[in-house]
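Shown next, in structure tokens, is the structure this report addresses.
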Amino acid sequence: MENEVTLKRFIEIRRELGFTQAEFAKLLGISTTTADIERGRTKLSGKVVVELFKQFKINPLWLFGESENKNLATSNTSVIPKVVTVDSADQENMVMVNAKAAAGYPQNIQDTSWYKELPAFDLPLPEFRNATYRGFQVEGDSMFPNLKPGEWVLAKAIEHIDQVSPNKMYVVVLEDAVLVKKVIRKPNSNNVTLVSLNETYPPYEIKPFQIQEIWEVSSKITFSVDATTETGLLKQLQESMEDLKRQFNKQQAS
């Protein structure tokens with residue numbers, strides 16, 4: 001029989017992740033339910049311990065009461081961009097990821113050749129210097145009314161999950177999706193809560209290791225319908241930049 005600490009911790013993981021005994025069993029490759037393991041009738045197999053580590057980065061030593069360090073994800077809080085894009089003169093530029101490209105972004109996140117297929121721009125504004133920026137097209141209405149479907153956000157890379165602020169919006173790149181959300185870190189919790197502004201979408205919790213990148217939204221751009229081609233997109237982006245520049249110069253002068 002497993003020791004009580006192990007059973008308690010196994011149950012804690014399942015409940016924290018929000019799975020039923022049957023759902024958790026299916027994920028871990030156990031035939032029907034985790035009930036027998038949780039009652040101490042069935043031994044926790046090495047295969048299950050491996051799955052807990054592979055899928056949820058659970059430290060086996062923590063599971064057996066030998067460590068207080070629950071997660072072993074070495075990069076579980078580093079959300080630095082996996083690829084920085086540059087132009088032909090080796091200057092960093094800003095790639096625009098449209099809704100269609102966003103569907104493949106998590107899978108291609110480290111593929112430098114994939115980024116080259118996307119439109120990229122240089123931003124001649126002081127606010128966009130000395131930082132990595134990327135443009136993302138908004139899909140769906142989860143951030144309505146602040147962001148409408150089809151609009152674009154310009155977002156700045158952040159290096160560490162601890163840098164997120166509850167008052168800002170973020171582009172969160174998970175292992176299988178690109179989402180625009182508010183990111184809340186609750187004290188005494190390992191989890192991160194993703195919150196939509198549209199209240200019909202309930203908030204939900206994820207583990208930090210599920211996040212590949214986080215980009216802090218700094219501004220949004222609404223393109224008109226004729227921005228479907230790369231030249232149309234570039235023209236409207238430049239017009240938006242000129243407008244931003246005028247606003248910036250006005251502020252400087254006043």
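Every chain in the structure tokens has a letter given in the order shown (A, B, ...), and although residue numbers restart at 1 in each chain, ligands are simply numbered from 1 in the order shown.
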*Write out as a list in words each polymer residue whose atoms come within 7 Å of segment 148-154 of chain A, counting only C-alpha atoms; drop sequence neighbours fewer than 3 positions from it.*
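Near neighbours after the sequence-gap exclusion: Tyr133, Arg134, Gly135, Phe136, Gln137, Val138, Glu139, Gly140, Asp141, Phe144, Pro145, Val217, Ser218, Ser219, Lys220, Ile221, Thr222 and Phe223 of chain A.
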May I have the residues within 12 Å of Asp122 of chain A as a short mmCIF file (atom, residue, chain, number, x, y, z; two decimals) with C-alpha atoms, in the first residue's frame, using only C-alpha atoms and disregarding those fewer than 2 positions away in the same chain?
```cif
data_model
loop_
_atom_site.label_atom_id
_atom_site.label_comp_id
_atom_site.auth_asym_id
_atom_site.auth_seq_id
_atom_site.Cartn_x
_atom_site.Cartn_y
_atom_site.Cartn_z
CA THR A 85 12.63 37.93 -36.36
CA VAL A 86 14.96 40.27 -38.25
CA ASP A 87 14.95 42.03 -41.62
CA SER A 88 17.59 41.78 -44.37
CA ALA A 89 19.80 44.28 -42.51
CA ASP A 90 19.63 42.15 -39.35
CA GLN A 91 17.42 44.72 -37.61
CA GLU A 92 14.64 43.30 -35.49
CA ASN A 93 11.22 43.72 -37.06
CA MET A 94 7.59 43.01 -36.19
CA VAL A 95 5.86 39.97 -37.66
CA MET A 96 2.08 40.16 -38.14
CA PRO A 119 4.35 39.92 -43.38
CA ALA A 120 6.82 41.84 -41.21
CA PRO A 124 9.77 53.86 -36.77
CA LEU A 125 8.51 54.92 -33.35
CA PRO A 126 10.60 55.36 -30.21
CA PHE A 128 8.77 50.29 -30.30
CA ARG A 129 12.54 50.36 -29.90
CA THR A 132 10.44 42.71 -29.22
CA TYR A 133 6.99 43.32 -30.68
CA ARG A 134 4.62 41.13 -32.65
CA GLY A 135 1.19 41.79 -34.18
CA LEU A 234 1.29 47.47 -44.92
CA LEU A 237 -0.25 49.81 -40.79
CA GLN A 238 1.89 52.72 -41.98
CA MET A 241 1.80 54.38 -37.36
#
```
Please return, as a PDB file with N, CA and C atoms, in the first residue's frame, all residues of segment 114-159 of chain A that DSSP assigns to helix (DSSP H, G or I) on the basis of the backbone.
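Output (out.pdb):
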```pdb
ATOM      1  N   TRP A 114       9.243  29.342 -40.947  1.00  0.00           N
ATOM      2  CA  TRP A 114       7.794  29.581 -40.931  1.00  0.00           C
ATOM      3  C   TRP A 114       7.499  31.079 -40.787  1.00  0.00           C
ATOM      4  N   TYR A 115       8.255  31.752 -39.923  1.00  0.00           N
ATOM      5  CA  TYR A 115       8.030  33.188 -39.689  1.00  0.00           C
ATOM      6  C   TYR A 115       8.275  34.011 -40.952  1.00  0.00           C
ATOM      7  N   PRO A 126       9.712  55.626 -31.354  1.00  0.00           N
ATOM      8  CA  PRO A 126      10.601  55.364 -30.210  1.00  0.00           C
ATOM      9  C   PRO A 126      10.032  54.338 -29.238  1.00  0.00           C
ATOM     10  N   GLU A 127       8.684  54.295 -29.099  1.00  0.00           N
ATOM     11  CA  GLU A 127       8.097  53.340 -28.145  1.00  0.00           C
ATOM     12  C   GLU A 127       8.340  51.888 -28.546  1.00  0.00           C
ATOM     13  N   PHE A 128       8.602  51.663 -29.824  1.00  0.00           N
ATOM     14  CA  PHE A 128       8.773  50.293 -30.302  1.00  0.00           C
ATOM     15  C   PHE A 128      10.244  49.894 -30.435  1.00  0.00           C
TER      16      PHE A 128
END
```
*Go through segment 106-169 of chain A and collect every residue that DSSP, computed from the backbone, puts in strand (DSSP E or B); the answer should be as a PyMOL selection string.*
chain A and resi 120-121+133-137+152-157+160+169
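Closest to Ser165 of chain A among A:Ala22, A:Glu216, A:Leu179, A:Glu117 is A:Glu216, based on only C-alpha atoms.
Minimum atom-to-atom distances from A:Glu213, A:Glu12, A:Glu51, A:Asp243 to Val171 of chain A were compared using only C-alpha atoms, and the lowest value belongs to A:Glu213.
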*asked:* Ranking A:Met143, A:Val50, A:Ile206, A:Leu118 by minimum distance to Asn98 of chain A and counting only C-alpha atoms, which one comes first?
replied: A:Leu118
Val192 of chain A environment, 7 Å, only C-alpha atoms, sequence neighbours closer than 6 positions dropped, as a PDB file with C-alpha atoms, in the first residue's frame:
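Result file is part_24.pdb:
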```pdb
ATOM      1  CA  VAL A 183      -3.827  36.930 -16.922  1.00  0.00           C
ATOM      2  CA  ILE A 184      -4.371  36.680 -13.175  1.00  0.00           C
ATOM      3  CA  ARG A 185      -1.914  35.110 -10.742  1.00  0.00           C
ATOM      4  CA  GLU A 205      -7.127  27.983 -14.861  1.00  0.00           C
ATOM      5  CA  ILE A 206      -4.022  26.601 -16.508  1.00  0.00           C
ATOM      6  CA  LYS A 207      -0.581  25.542 -15.313  1.00  0.00           C
ATOM      7  CA  PRO A 208       2.341  27.881 -16.064  1.00  0.00           C
TER       8      PRO A 208
END
```
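For the set A:Glu175, A:Asp36, A:Glu242, A:Glu66, the residue with the smallest atom-to-atom gap to Ile211 of chain A is A:Glu175, counting only C-alpha atoms.
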*Excluding Asn3 of chain A and residues on its chain fewer than 6 positions from it, collect all residues at most 12 Å away from it, counting only C-alpha atoms, and give them as number ranges by chain.*
A: 9-10, 37-44, 63-66
